[in-house]
Amino acid sequence: MDLSSNGVPIPFTPELFGPLRSSADLLPPRDPLALRERLHADGYLFLPGLLDRAEVLALRGRYFSLFPPGFLAPGTAPEEGVYSGRTPKDVPEYGVAGHPAYEFVRSAPFDRFVGNPVLGELAAHLLDFKAEMLPRRILRHFHRGTRRASRAHVDLDYMDEGSPRVVTMWTPVGDCPPPTGGLVYLEGSHRLPPEEYEPLRDTTDRPADRRQICHDLELTARTLGRRWLYADFAAGDVMVHLPRVIHASLDTTTDAMRLSVDTRFVRSDDTPDPRWLKPWSADDGA
Ligand SMILES: O=C(O)CCC(=O)C(=O)O
């Protein structure tokens, strides 16, 4: 498997990669304490098949059907989300007003999808309190050829003006094995003191932004002596993670595009970071 992140290759070896632990044994959530313990032990919960696959694929189809002709490969259905290799000129810059992703995160079908009570109830179990979803919910869409992905980071560096008691849910909207741009988690990294990864921030392809840790995933793994944990995500799976776990994503190199949603929950009695209280737009700077 040829993998890279932001154009920097990373060899798919047992030294650098390992499997995410599935928490399917804890579903449906009957024992909130066991779920919380697993989340805090691993820094994440991998919940295969938590959502209805057909519903997830229907959302995928709705989103990709918003693009003009020529964007999807001829003879394919929007639900498949297969890139033609060409983005029509009239598609605005990703995620800003006028782009389908901008409209989509403000639409009723998207609201219904992220408002699924299964997710809200899970968040309440994990926070051990009534949970509220933050209104800034991000739709991430990558296609092959861009060599763009999420750099290694912790969520807390993007939400440090509010309560750190946050849980993030990452939902692939379609099948998402590593070459489609899967998310990867640095093993046990929620326990690392930030000083340990601070020096990595000097190796970056975005020197003006100190929030991300590093764009070079091999260097990150070797420096911190940990593997990247991955899975062959399928539509219906959900990842949950803590705000201090280091994670990143891989470049999309398949014809099938990478589409995902991330949502964040806080306890209803906590004060959230104010930058997360309005709908997401790719140019909102948050
Ligand atoms: O989808 C991605 O590439 C990044 C997602 C992420 O960082 C998150 O959900 O916290």
# chains A, B, ... in the order shown; residues from 1 in each chain; ligands from 1
>>> residues_around(residues="range 153-156 of chain A", least_positions_apart="4", cutoff="9 Å", atoms="only C-alpha atoms", output="list in words")
Asp160, Pro164, Val166, Thr168, His190, Arg211, Gln212, Ile213, Cys214, Leu242, Pro243, Arg244, Val245, Ile246, His247 and Ala248 of chain A
>>> residues_near_ligand(ligand="ligand 1", cutoff="9 Å", atoms="only C-alpha atoms and all ligand atoms", output="PyMOL selection string")
chain A and resi 138-142+149-155+168-172+181-184+239-243+246-250+258-264
>>> residues_around(residues="Arg137 in chain A", least_positions_apart="3", cutoff="12 Å", atoms="only C-alpha atoms", output="ChimeraX atom specification")
/A:95,101-102,104-107,110-111,113-115,133-134,140,168-171,260-265,275-282,286
>>> residues_around(residues="Leu45 in chain A", least_positions_apart="6", cutoff="9 Å", atoms="only C-alpha atoms", output="PyMOL selection string")
chain A and resi 20-23+35+38-39+238-241
>>> closest_atom_pairs(of="range 4-91 of chain A", to="range 226-234 of chain A", cutoff="12 Å", atoms="only C-alpha atoms", output="Markdown table")
| residue | atom | partner | partner_atom | distance |
| --- | --- | --- | --- | --- |
| A:Ile10 | CA | A:Trp228 | CA | 10.4 |
| A:Pro11 | CA | A:Trp228 | CA | 11.2 |
| A:Phe12 | CA | A:Trp228 | CA | 9.8 |
| A:Thr13 | CA | A:Arg227 | CA | 9.6 |
| A:Pro14 | CA | A:Arg227 | CA | 8.1 |
| A:Glu15 | CA | A:Arg227 | CA | 6.6 |
| A:Leu16 | CA | A:Arg227 | CA | 4.6 |
| A:Phe17 | CA | A:Trp228 | CA | 4.7 |
| A:Gly18 | CA | A:Leu229 | CA | 4.8 |
| A:Pro19 | CA | A:Leu229 | CA | 5.0 |
| A:Leu20 | CA | A:Leu229 | CA | 5.0 |
| A:Arg21 | CA | A:Leu229 | CA | 8.5 |
| A:Ser22 | CA | A:Ala231 | CA | 9.1 |
| A:Asp42 | CA | A:Leu229 | CA | 10.9 |
| A:Gly43 | CA | A:Leu229 | CA | 11.5 |
| A:Tyr44 | CA | A:Leu229 | CA | 10.5 |
| A:Leu45 | CA | A:Leu229 | CA | 11.8 |
| A:Phe46 | CA | A:Ala231 | CA | 8.8 |
| A:Leu47 | CA | A:Phe233 | CA | 9.8 |
| A:Pro48 | CA | A:Ala234 | CA | 7.6 |
| A:Gly49 | CA | A:Ala234 | CA | 7.8 |
| A:Leu50 | CA | A:Ala234 | CA | 10.5 |
| A:Leu51 | CA | A:Ala234 | CA | 10.3 |
| A:Asp52 | CA | A:Ala234 | CA | 10.9 |
| A:Arg53 | CA | A:Ala234 | CA | 8.2 |
| A:Ala54 | CA | A:Ala234 | CA | 11.3 |
| A:Val56 | CA | A:Ala234 | CA | 9.8 |
| A:Leu57 | CA | A:Ala234 | CA | 10.2 |
